[in-house]
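Here the structure is laid out as structure tokens; the discussion comes afterwards.
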Amino acid sequence: MSAASGNQERVFHGIAVSAGVVHAKIHLIGRRLLSIKRKEISEGEAAGEIRRLEVALLETRQQIQEVQNRLTEAMRAEHAAIFDAHLLVLEDPVIMDEVTRQIETERVNAEYAYHSVVERYAVTLSKFEDSYLRERVADIQDVSSRVLNNLLGHTESEELRHLREPCIVVAHDLAPSQTAHLDRALVLGFATDVGSRTSHTAILARSLQIPAVVGLEAITEMVESGSDALLDGYSGLVILHPGQETLYRYGQLEAKRESILIQIRKAIDQPAETADGHRIVVSGNIEEPGDIDSVRQNGAEGVGLFRTEYLFIDRDTFPTEEEQYESYRRVTEALNPAPVIIRTLDLGGDKFRSHMHAPTEMNPFLGWRAIRLCLHEKDVFRAQLRAILRASAHGNVKMMYPMISGLAELQQASELVEECKNQLRGEGRAFNEHLDVGAMIETPSAAMIAESLARRLKFLSIGTNDLIQYSLAVDRTNEKIAHLYEPTHPGILRLIKTTIDAAHKHGIWVGVCGEMAGDTVLVPLLLGLGVDELSAALPVVPQIKYLIRRVSLEKARMLAEFALSSESGGDVLERCLEFMNEVAPGLLEQGPRSDLA
Ligand code: PEP
Ligand code: MG
């Protein structure tokens with residue numbers, strides 16, 4: 001496309017979701033060149049091939065229109081003509097007639113017929129003197145590769161499995177299941193059109209330490225595979241064709257960051273104790289048993305959130321009780337006596353159930369998700385509960401339920417746990433009779449009934465990612481409304497405070513395991529509000545410990561008092577920034593932040 005022509009530096013602004021700077025060639029997913037094979041077909045198969053082609057053309061039309069819709073006003077003015085031209089190519093009756101004729105008379109497959117007709121057109125156009133006509137070749141090829149990808153059913157997952165050299169992946173979107181399986185040796189960073197800081201894809205990028213920028217709107221339409229680019233996961237930039245000056249500036253910034261990193265690394269082996277002697281527990285969030293080493297290496301005091309759904313997604317069948325038991329046991333034994341909080345299945349929302357025939361939902365985050373799904377699919381839930389209970393015989397396991405919105409759900413889940421315990425007793429299998437059970441506070445209703453929950457549970461863990469999404473009615477994955485996703489909103493702070501007070505009133509501890517716990521600017525505020533535990537993405541655990549050791553709880557409480565009396569989330573954020581810059585100057589440059597989304 002004309003936007004990417006020439007080697008002029010060009011900066012794309014998005015949402016920084018995973019820290020780090022990488023410089024590599026772009027690998028654009030979803031528009032690769034294809035090798036098209038000729039297949040003979042019988043006379044009776046021709047109609048089917050034509051239908052396949054029609055479906056692929058329809059899909060392509062929708063995709064092009066989606067791209068048009070994604071463009072911002074300013075970009076639309078610049079690029080509208082390009083996509084209108086693409087639609088014209090797609091709907092060109094001459095091309096369609098010729099492809100149909102070829103399928104019927106030459107008896108060849110749809111992709112071969114389409115490819116050969118379109119290539120012939122492109123070759124003819126490229127020979128014209130008129131530059132306008134010559135430029136249409138790129139449009140034709142662009143449209144053609146989309147149609148052929150749709151005809152061949154090529155998926156992005158498949159493309160990601162065939163990367164050959166280290167690159168920056170640029171894609172429209174990456175599902176959490178795709179992100180979880182990225183080859184870190186080859187994917188140095190990724191950039192996507194859509195997404196936001198608390199989508200599960202972003203959370204995984206931080207956990208895997210893959211620098212990432214999302215919400216770039218239509219970057220997939222502006223760049224080409226093979227182009228040189230620099231991805232800045234601190235500030236949310238992708239710089240196409242970075243010049244010498246830019247590269248030099250980034251080199252200087254990295255050197256500055258490295259000097260404070262040396263200080264941060266020292267905190268790994270030190271306790272998370274405030275400057276005035278208050279102990280806080282700092283744990284890590286994990287997705288799979290393979291994260292065990294990272295728990296230790298980053299100085300986490302255990303696992304505050306084991307997102308077990310990653311054992312369930314991107315596979316054809318559910319993991320058996322035995323498989324799950326092995327996974328939970330491995331983590332538990334390796335980290336014993338440190339606590340491992342296993343969260344029961346949180347499928348749904350943006351986490352796909354590839355092997356489940358779940359209905360398409362209008363509002364997946366408000367739908368059949370987490371505990372709701374488990375209480376419906378009781379056998380799936382029972383298998384997991386049994387596996388967790390059995391693992392509890394091997395170390396310090398705790399269990400918590402996601403997305404609790406009322407006492408009835410807790411009651412039903414507890415009954416199932418009792419049933420599983422009885423079964424295990426009958427089978428003579430070991431488990432911890434006194435296993436601590438807690439709940440995540442991630443719906444506004446749960447925060448409001450936190451006292452009732454606290455009376456029945458051993459701990460509460462605030463899932464701020466969802467609590468913010470549900471309280472402020474802001475889809476956590478939608479880049480268009482990311483500016484409304486405000487952790488310091490007075491409503492959010494009151495819900496957090498209500499939860500903390502309820503837990504303490506009933507003598508139980510309360511943690512935060514949402515991304516807010518890993519946002520260093522907001523950590524002093526959470527401490528001041530009274531949390532006992534913070535569980536964050538493992539790579540930020542050293543920064544959090546470093547920061548806690550510099551904060552006095554007394555001053556953090558004053559910050560929280562100010563925050564609770566404020567009517568403006570912006571004012572609170574500003575005060576938090578001032579606070580952090582005072583106690584830990586330079587730390588801000590170490591990572592992307594939720595409020596800068
Ligand atoms: C949360 O909602 O804050 C949370 C930790 O759970 P998840 O991000 O997996 O939804
Ligand atoms: Mg959640």
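Residue numbering restarts at 1 in every chain; chains get A, B, ... in the order shown in the structure tokens, and ligands count up from 1 in that same order.
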> If you count only C-alpha atoms, which residues fall within 9 Å of Thr198 (chain A), apart from same-chain ones fewer than 2 positions away, as a VMD selection string?
Replying inline: chain A and resid 17 195 to 196 200 to 203 465 to 466 476 to 477 514 to 515 594
With C-alpha atoms retained, could you export that selection as a PDB file, in the first residue's frame?
```pdb
ATOM      1  CA  VAL A  17       0.928  -3.670  27.053  1.00  0.00           C
ATOM      2  CA  GLY A 195      -6.877  -5.194  21.991  1.00  0.00           C
ATOM      3  CA  SER A 196      -6.304  -3.441  25.283  1.00  0.00           C
ATOM      4  CA  HIS A 200      -5.926 -11.955  28.273  1.00  0.00           C
ATOM      5  CA  THR A 201      -3.647 -11.665  25.251  1.00  0.00           C
ATOM      6  CA  ALA A 202      -1.982  -8.637  26.838  1.00  0.00           C
ATOM      7  CA  ILE A 203      -1.738 -10.347  30.215  1.00  0.00           C
ATOM      8  CA  ASN A 465      -9.445  -6.595  35.573  1.00  0.00           C
ATOM      9  CA  ASP A 466     -13.020  -7.755  35.647  1.00  0.00           C
ATOM     10  CA  ARG A 476     -11.675  -4.851  28.907  1.00  0.00           C
ATOM     11  CA  THR A 477     -10.640  -5.963  25.411  1.00  0.00           C
ATOM     12  CA  GLY A 514      -5.740  -8.300  38.756  1.00  0.00           C
ATOM     13  CA  GLU A 515      -3.309  -6.232  36.699  1.00  0.00           C
ATOM     14  CA  SER A 594      -2.839   0.534  32.678  1.00  0.00           C
TER      15      SER A 594
END
```
Quick one: DSSP strand (DSSP E) residues in region 393-472 of chain A, as a compact mmCIF listing (two decimals) with N, CA and C atoms, in the first residue's frame?
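To be explicit, this is the file written out as selection_25.txt:
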```txt
# COMPACT_ATOMS: atom_id res chain seq x y z
N VAL A 397 -1.80 -25.99 49.00
CA VAL A 397 -2.78 -25.58 47.97
C VAL A 397 -3.92 -24.79 48.61
N LYS A 398 -4.35 -23.75 47.93
CA LYS A 398 -5.59 -23.06 48.27
C LYS A 398 -6.41 -23.01 46.99
N MET A 399 -7.71 -22.87 47.13
CA MET A 399 -8.55 -22.88 45.93
C MET A 399 -9.45 -21.66 45.93
N MET A 400 -9.64 -21.06 44.74
CA MET A 400 -10.61 -19.95 44.71
C MET A 400 -11.49 -20.00 43.47
N TYR A 401 -12.69 -19.45 43.63
CA TYR A 401 -13.68 -19.44 42.56
C TYR A 401 -13.68 -18.09 41.85
N ASP A 436 -7.93 -24.32 52.33
CA ASP A 436 -8.51 -22.97 52.35
C ASP A 436 -9.22 -22.68 51.04
N VAL A 437 -10.44 -22.21 51.13
CA VAL A 437 -11.18 -21.83 49.92
C VAL A 437 -11.50 -20.34 49.98
N GLY A 438 -11.26 -19.66 48.86
CA GLY A 438 -11.55 -18.22 48.79
C GLY A 438 -12.32 -17.91 47.52
N ALA A 439 -12.61 -16.64 47.34
CA ALA A 439 -13.34 -16.24 46.12
C ALA A 439 -12.70 -14.99 45.55
N MET A 440 -12.82 -14.88 44.24
CA MET A 440 -12.37 -13.65 43.61
C MET A 440 -13.49 -12.62 43.73
N ILE A 441 -13.09 -11.41 43.97
CA ILE A 441 -14.07 -10.31 43.99
C ILE A 441 -13.86 -9.59 42.68
N PHE A 459 -10.29 -16.46 52.42
CA PHE A 459 -9.61 -15.27 51.86
C PHE A 459 -10.41 -14.73 50.67
N LEU A 460 -10.13 -13.48 50.34
CA LEU A 460 -10.74 -12.87 49.14
C LEU A 460 -9.61 -12.35 48.26
N SER A 461 -9.77 -12.46 46.96
CA SER A 461 -8.74 -11.93 46.07
C SER A 461 -9.44 -11.06 45.01
N ILE A 462 -9.05 -9.80 44.97
CA ILE A 462 -9.78 -8.86 44.11
C ILE A 462 -9.24 -8.95 42.68
```
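By chain and then residue number, the residues within 10 Å of Ser535 (chain A) are A:Val281, A:Val282, A:Ser283, A:Gly284, A:Asn285, A:Ile286, A:Ala300, A:Glu301, A:Gly302, A:Val303, A:Gly304, A:Leu305, A:Ser461, A:Ile462, A:Gly511, A:Val512, A:Cys513, A:Gly514, A:Glu515, A:Met516, A:Ala517, A:Gly518, A:Val540, A:Val541, A:Ile544, counting only C-alpha atoms and disregarding those fewer than 4 positions away in sequence.
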If you keep C-alpha atoms, can you produce a file of those selected residues as a PDB file, in the first residue's frame?
```pdb
ATOM      1  CA  VAL A 281       2.908 -10.903  50.587  1.00  0.00           C
ATOM      2  CA  VAL A 282       3.961 -10.611  46.945  1.00  0.00           C
ATOM      3  CA  SER A 283       2.995 -13.601  44.813  1.00  0.00           C
ATOM      4  CA  GLY A 284       2.926 -14.322  41.111  1.00  0.00           C
ATOM      5  CA  ASN A 285       0.251 -15.199  38.554  1.00  0.00           C
ATOM      6  CA  ILE A 286       0.882 -18.313  36.476  1.00  0.00           C
ATOM      7  CA  ALA A 300       7.529 -14.417  44.257  1.00  0.00           C
ATOM      8  CA  GLU A 301       6.432 -15.882  47.572  1.00  0.00           C
ATOM      9  CA  GLY A 302       4.057 -18.323  45.973  1.00  0.00           C
ATOM     10  CA  VAL A 303       1.301 -18.335  43.377  1.00  0.00           C
ATOM     11  CA  GLY A 304      -1.552 -15.943  44.012  1.00  0.00           C
ATOM     12  CA  LEU A 305      -3.448 -16.919  40.866  1.00  0.00           C
ATOM     13  CA  SER A 461      -8.741 -11.933  46.066  1.00  0.00           C
ATOM     14  CA  ILE A 462      -9.775  -8.862  44.107  1.00  0.00           C
ATOM     15  CA  GLY A 511      -5.278  -9.783  48.040  1.00  0.00           C
ATOM     16  CA  VAL A 512      -5.369  -8.248  44.587  1.00  0.00           C
ATOM     17  CA  CYS A 513      -4.567 -10.499  41.643  1.00  0.00           C
ATOM     18  CA  GLY A 514      -5.740  -8.300  38.756  1.00  0.00           C
ATOM     19  CA  GLU A 515      -3.309  -6.232  36.699  1.00  0.00           C
ATOM     20  CA  MET A 516      -3.664  -3.325  39.115  1.00  0.00           C
ATOM     21  CA  ALA A 517      -1.438  -5.294  41.515  1.00  0.00           C
ATOM     22  CA  GLY A 518       1.332  -5.200  38.915  1.00  0.00           C
ATOM     23  CA  VAL A 540       7.037  -7.331  37.503  1.00  0.00           C
ATOM     24  CA  VAL A 541       7.336  -9.033  40.907  1.00  0.00           C
ATOM     25  CA  ILE A 544       6.917  -4.447  43.184  1.00  0.00           C
TER      26      ILE A 544
END
```
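Of the residues listed (A:Leu375, A:Val143, A:Met96, A:Val187), A:Leu375 shows the shortest atom-to-atom separation from Glu415 (chain A); distances use only C-alpha atoms.
You can rank A:Thr220, A:Lys505, A:Glu433, A:Ser199 by their closest distance to ligand 1 using only C-alpha atoms and all ligand atoms, and at the top of that list sits A:Ser199.
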Long-range neighbours of region 101-107 of chain A as a PDB file with all heavy atoms, in the first residue's frame, 9 Å cut-off, only C-alpha atoms, 3 positions minimum in chain:
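File produced: selection27.pdb:
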```
ATOM      1  N   LYS A  39      -6.061 -28.577  -9.098  1.00  0.00           N
ATOM      2  CA  LYS A  39      -6.706 -29.886  -8.851  1.00  0.00           C
ATOM      3  C   LYS A  39      -7.784 -30.083  -9.898  1.00  0.00           C
ATOM      4  O   LYS A  39      -8.587 -29.175 -10.149  1.00  0.00           O
ATOM      5  CB  LYS A  39      -7.332 -29.898  -7.448  1.00  0.00           C
ATOM      6  CG  LYS A  39      -6.475 -30.602  -6.451  1.00  0.00           C
ATOM      7  CD  LYS A  39      -7.150 -31.010  -5.137  1.00  0.00           C
ATOM      8  CE  LYS A  39      -8.353 -30.256  -4.739  1.00  0.00           C
ATOM      9  NZ  LYS A  39      -8.555 -30.048  -3.322  1.00  0.00           N
ATOM     10  N   GLU A  40      -7.787 -31.269 -10.515  1.00  0.00           N
ATOM     11  CA  GLU A  40      -8.842 -31.571 -11.477  1.00  0.00           C
ATOM     12  C   GLU A  40     -10.128 -31.865 -10.695  1.00  0.00           C
ATOM     13  O   GLU A  40     -10.067 -32.511  -9.651  1.00  0.00           O
ATOM     14  CB  GLU A  40      -8.482 -32.845 -12.282  1.00  0.00           C
ATOM     15  CG  GLU A  40      -7.120 -32.799 -12.966  1.00  0.00           C
ATOM     16  CD  GLU A  40      -7.123 -31.910 -14.197  1.00  0.00           C
ATOM     17  OE1 GLU A  40      -8.198 -31.742 -14.781  1.00  0.00           O
ATOM     18  OE2 GLU A  40      -6.048 -31.373 -14.557  1.00  0.00           O
ATOM     19  N   ILE A  41     -11.246 -31.410 -11.223  1.00  0.00           N
ATOM     20  CA  ILE A  41     -12.517 -31.750 -10.572  1.00  0.00           C
ATOM     21  C   ILE A  41     -13.461 -32.410 -11.583  1.00  0.00           C
ATOM     22  O   ILE A  41     -13.262 -32.271 -12.796  1.00  0.00           O
ATOM     23  CB  ILE A  41     -13.208 -30.493  -9.972  1.00  0.00           C
ATOM     24  CG1 ILE A  41     -13.457 -29.448 -11.070  1.00  0.00           C
ATOM     25  CG2 ILE A  41     -12.419 -29.902  -8.833  1.00  0.00           C
ATOM     26  CD1 ILE A  41     -14.466 -28.387 -10.669  1.00  0.00           C
ATOM     27  N   SER A  42     -14.475 -33.095 -11.082  1.00  0.00           N
ATOM     28  CA  SER A  42     -15.441 -33.717 -12.004  1.00  0.00           C
ATOM     29  C   SER A  42     -16.513 -32.685 -12.357  1.00  0.00           C
ATOM     30  O   SER A  42     -16.637 -31.652 -11.693  1.00  0.00           O
ATOM     31  CB  SER A  42     -16.079 -34.929 -11.333  1.00  0.00           C
ATOM     32  OG  SER A  42     -16.866 -34.474 -10.253  1.00  0.00           O
ATOM     33  N   GLU A  43     -17.305 -33.007 -13.356  1.00  0.00           N
ATOM     34  CA  GLU A  43     -18.347 -32.073 -13.796  1.00  0.00           C
ATOM     35  C   GLU A  43     -19.312 -31.752 -12.639  1.00  0.00           C
ATOM     36  O   GLU A  43     -19.685 -30.607 -12.407  1.00  0.00           O
ATOM     37  CB  GLU A  43     -19.103 -32.687 -14.983  1.00  0.00           C
ATOM     38  CG  GLU A  43     -19.999 -31.683 -15.661  1.00  0.00           C
ATOM     39  CD  GLU A  43     -20.767 -32.300 -16.828  1.00  0.00           C
ATOM     40  OE1 GLU A  43     -20.438 -33.435 -17.221  1.00  0.00           O
ATOM     41  OE2 GLU A  43     -21.691 -31.638 -17.316  1.00  0.00           O
ATOM     42  N   GLU A  45     -18.707 -31.612  -9.581  1.00  0.00           N
ATOM     43  CA  GLU A  45     -18.128 -30.839  -8.471  1.00  0.00           C
ATOM     44  C   GLU A  45     -18.056 -29.340  -8.758  1.00  0.00           C
ATOM     45  O   GLU A  45     -17.784 -28.531  -7.868  1.00  0.00           O
ATOM     46  CB  GLU A  45     -16.702 -31.348  -8.178  1.00  0.00           C
ATOM     47  CG  GLU A  45     -16.691 -32.678  -7.425  1.00  0.00           C
ATOM     48  CD  GLU A  45     -15.294 -33.288  -7.342  1.00  0.00           C
ATOM     49  OE1 GLU A  45     -14.499 -33.098  -8.286  1.00  0.00           O
ATOM     50  OE2 GLU A  45     -15.013 -33.939  -6.332  1.00  0.00           O
ATOM     51  N   ALA A  46     -18.304 -28.973 -10.017  1.00  0.00           N
ATOM     52  CA  ALA A  46     -18.125 -27.572 -10.407  1.00  0.00           C
ATOM     53  C   ALA A  46     -19.020 -26.628  -9.602  1.00  0.00           C
ATOM     54  O   ALA A  46     -18.565 -25.581  -9.104  1.00  0.00           O
ATOM     55  CB  ALA A  46     -18.379 -27.415 -11.901  1.00  0.00           C
ATOM     56  N   ALA A  47     -20.290 -27.017  -9.429  1.00  0.00           N
ATOM     57  CA  ALA A  47     -21.220 -26.132  -8.715  1.00  0.00           C
ATOM     58  C   ALA A  47     -20.740 -25.904  -7.280  1.00  0.00           C
ATOM     59  O   ALA A  47     -20.800 -24.781  -6.757  1.00  0.00           O
ATOM     60  CB  ALA A  47     -22.618 -26.748  -8.715  1.00  0.00           C
ATOM     61  N   GLU A  49     -17.652 -25.982  -6.203  1.00  0.00           N
ATOM     62  CA  GLU A  49     -16.478 -25.096  -6.228  1.00  0.00           C
ATOM     63  C   GLU A  49     -16.895 -23.633  -6.368  1.00  0.00           C
ATOM     64  O   GLU A  49     -16.344 -22.743  -5.725  1.00  0.00           O
ATOM     65  CB  GLU A  49     -15.541 -25.481  -7.380  1.00  0.00           C
ATOM     66  CG  GLU A  49     -14.764 -26.748  -7.158  1.00  0.00           C
ATOM     67  CD  GLU A  49     -13.878 -26.687  -5.918  1.00  0.00           C
ATOM     68  OE1 GLU A  49     -12.845 -26.008  -5.952  1.00  0.00           O
ATOM     69  OE2 GLU A  49     -14.222 -27.328  -4.901  1.00  0.00           O
ATOM     70  N   ILE A  50     -17.905 -23.416  -7.198  1.00  0.00           N
ATOM     71  CA  ILE A  50     -18.382 -22.030  -7.403  1.00  0.00           C
ATOM     72  C   ILE A  50     -19.007 -21.504  -6.106  1.00  0.00           C
ATOM     73  O   ILE A  50     -18.793 -20.368  -5.713  1.00  0.00           O
ATOM     74  CB  ILE A  50     -19.382 -21.956  -8.589  1.00  0.00           C
ATOM     75  CG1 ILE A  50     -18.616 -22.263  -9.891  1.00  0.00           C
ATOM     76  CG2 ILE A  50     -20.047 -20.597  -8.674  1.00  0.00           C
ATOM     77  CD1 ILE A  50     -19.470 -22.494 -11.106  1.00  0.00           C
ATOM     78  N   MET A  96     -15.174 -12.413 -11.994  1.00  0.00           N
ATOM     79  CA  MET A  96     -16.030 -13.495 -11.496  1.00  0.00           C
ATOM     80  C   MET A  96     -16.507 -14.388 -12.658  1.00  0.00           C
ATOM     81  O   MET A  96     -16.462 -15.619 -12.561  1.00  0.00           O
ATOM     82  CB  MET A  96     -17.211 -12.862 -10.752  1.00  0.00           C
ATOM     83  CG  MET A  96     -18.062 -13.842  -9.995  1.00  0.00           C
ATOM     84  SD  MET A  96     -17.125 -14.807  -8.792  1.00  0.00           S
ATOM     85  CE  MET A  96     -18.369 -16.012  -8.313  1.00  0.00           C
ATOM     86  N   ASP A  97     -16.937 -13.754 -13.778  1.00  0.00           N
ATOM     87  CA  ASP A  97     -17.416 -14.546 -14.924  1.00  0.00           C
ATOM     88  C   ASP A  97     -16.311 -15.444 -15.464  1.00  0.00           C
ATOM     89  O   ASP A  97     -16.519 -16.613 -15.769  1.00  0.00           O
ATOM     90  CB  ASP A  97     -17.875 -13.613 -16.072  1.00  0.00           C
ATOM     91  CG  ASP A  97     -19.239 -13.024 -15.741  1.00  0.00           C
ATOM     92  OD1 ASP A  97     -19.828 -13.455 -14.723  1.00  0.00           O
ATOM     93  OD2 ASP A  97     -19.680 -12.118 -16.478  1.00  0.00           O
ATOM     94  N   GLU A  98     -15.132 -14.863 -15.549  1.00  0.00           N
ATOM     95  CA  GLU A  98     -14.031 -15.627 -16.134  1.00  0.00           C
ATOM     96  C   GLU A  98     -13.622 -16.803 -15.228  1.00  0.00           C
ATOM     97  O   GLU A  98     -13.343 -17.901 -15.704  1.00  0.00           O
ATOM     98  CB  GLU A  98     -12.835 -14.688 -16.349  1.00  0.00           C
ATOM     99  CG  GLU A  98     -12.015 -15.153 -17.533  1.00  0.00           C
ATOM    100  CD  GLU A  98     -10.967 -14.110 -17.900  1.00  0.00           C
ATOM    101  OE1 GLU A  98     -11.312 -12.909 -17.952  1.00  0.00           O
ATOM    102  OE2 GLU A  98      -9.820 -14.517 -18.090  1.00  0.00           O
ATOM    103  N   ALA A 110     -11.489 -24.085  -7.365  1.00  0.00           N
ATOM    104  CA  ALA A 110     -11.795 -22.653  -7.306  1.00  0.00           C
ATOM    105  C   ALA A 110     -10.549 -21.805  -7.070  1.00  0.00           C
ATOM    106  O   ALA A 110     -10.351 -20.765  -7.717  1.00  0.00           O
ATOM    107  CB  ALA A 110     -12.808 -22.396  -6.201  1.00  0.00           C
ATOM    108  N   TYR A 112      -7.413 -22.380  -7.773  1.00  0.00           N
ATOM    109  CA  TYR A 112      -6.532 -22.322  -8.944  1.00  0.00           C
ATOM    110  C   TYR A 112      -7.123 -21.384 -10.000  1.00  0.00           C
ATOM    111  O   TYR A 112      -6.436 -20.523 -10.557  1.00  0.00           O
ATOM    112  CB  TYR A 112      -6.315 -23.726  -9.521  1.00  0.00           C
ATOM    113  CG  TYR A 112      -5.415 -23.707 -10.721  1.00  0.00           C
ATOM    114  CD1 TYR A 112      -4.033 -23.646 -10.563  1.00  0.00           C
ATOM    115  CD2 TYR A 112      -5.946 -23.701 -12.014  1.00  0.00           C
ATOM    116  CE1 TYR A 112      -3.199 -23.581 -11.672  1.00  0.00           C
ATOM    117  CE2 TYR A 112      -5.124 -23.627 -13.127  1.00  0.00           C
ATOM    118  CZ  TYR A 112      -3.749 -23.567 -12.948  1.00  0.00           C
ATOM    119  OH  TYR A 112      -2.927 -23.485 -14.044  1.00  0.00           O
ATOM    120  N   ALA A 113      -8.429 -21.520 -10.232  1.00  0.00           N
ATOM    121  CA  ALA A 113      -9.079 -20.689 -11.260  1.00  0.00           C
ATOM    122  C   ALA A 113      -8.994 -19.213 -10.874  1.00  0.00           C
ATOM    123  O   ALA A 113      -8.610 -18.360 -11.683  1.00  0.00           O
ATOM    124  CB  ALA A 113     -10.542 -21.111 -11.401  1.00  0.00           C
ATOM    125  N   TYR A 114      -9.303 -18.917  -9.629  1.00  0.00           N
ATOM    126  CA  TYR A 114      -9.302 -17.517  -9.192  1.00  0.00           C
ATOM    127  C   TYR A 114      -7.885 -16.934  -9.303  1.00  0.00           C
ATOM    128  O   TYR A 114      -7.677 -15.835  -9.819  1.00  0.00           O
ATOM    129  CB  TYR A 114      -9.812 -17.423  -7.745  1.00  0.00           C
ATOM    130  CG  TYR A 114      -9.990 -15.991  -7.281  1.00  0.00           C
ATOM    131  CD1 TYR A 114     -11.127 -15.274  -7.626  1.00  0.00           C
ATOM    132  CD2 TYR A 114      -9.005 -15.353  -6.529  1.00  0.00           C
ATOM    133  CE1 TYR A 114     -11.292 -13.952  -7.233  1.00  0.00           C
ATOM    134  CE2 TYR A 114      -9.158 -14.039  -6.133  1.00  0.00           C
ATOM    135  CZ  TYR A 114     -10.311 -13.345  -6.486  1.00  0.00           C
ATOM    136  OH  TYR A 114     -10.467 -12.046  -6.107  1.00  0.00           O
ATOM    137  N   VAL A 117      -6.757 -16.369 -13.014  1.00  0.00           N
ATOM    138  CA  VAL A 117      -7.432 -15.234 -13.672  1.00  0.00           C
ATOM    139  C   VAL A 117      -6.887 -13.912 -13.117  1.00  0.00           C
ATOM    140  O   VAL A 117      -6.524 -12.991 -13.868  1.00  0.00           O
ATOM    141  CB  VAL A 117      -8.966 -15.319 -13.455  1.00  0.00           C
ATOM    142  CG1 VAL A 117      -9.648 -14.038 -13.907  1.00  0.00           C
ATOM    143  CG2 VAL A 117      -9.529 -16.512 -14.197  1.00  0.00           C
TER     144      VAL A 117
END
```
> Using only C-alpha atoms, which of A:Ala446, A:Glu224, A:Leu389, A:Glu59 sits nearest Lys421 (chain A)?
Replying inline: A:Leu389
> For the atom pair CA of Ile500 (chain A) and CA of Gly528 (chain A), what is the interatomic distance in Å to one decimal place?
Replying inline: 10.9 Å
> If you count only C-alpha atoms, which residues fall within 12 Å of Ile260 (chain A), apart from same-chain ones fewer than 2 positions away, as number ranges by chain?
Replying inline: A: 253-258, 262-267, 542-543, 546-547, 584-590
>> So that I can check the surroundings of region 270-279 of chain A, please list as a PyMOL selection string every protein, DNA and RNA residue that reaches within 9 Å of it, counting only C-alpha atoms and ignoring chain neighbours fewer than 4 positions away.
In response: chain A and resi 266+299+532+544-554
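If you measure from each of A:Ser126, A:Asn422, A:Asn336, A:Thr320 to Ala387 (chain A) using only C-alpha atoms, the closest one turns out to be A:Thr320.
What separates CA of Asn581 (chain A) from CA of Glu561 (chain A) is a distance of 19.0 Å.
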>> From the options A:Asp346, A:Glu578, A:Glu479, A:Glu533, which residue's atoms come nearest to ligand 1, counting only C-alpha atoms and all ligand atoms?
In response: A:Asp346
> CA of Glu451 (chain A) and CA of His506 (chain A), how far apart in Å?
Replying inline: 7.5 Å
> Which neighbours of Leu529 (chain A) fall inside 9 Å, counting only C-alpha atoms, when residues of the same chain fewer than 4 positions from it are skipped, and could you give them as a PyMOL selection string?
Replying inline: chain A and resi 493+496-497+500+524-525+556-557+559-561+564
>> Counting only C-alpha atoms and all ligand atoms, which residue out of A:Leu87, A:Ala212, A:Ala122, A:Ala370 sits closest to ligand 1?
In response: A:Ala370
> Could you write out, as a PyMOL selection string, all the residues of region 279-507 of chain A that DSSP marks as helix (DSSP H, G or I)?
Replying inline: chain A and resi 289-297+308-311+321-335+364-366+370-376+378-394+407-427+444-448+450-456+464-472+479-484+490-505
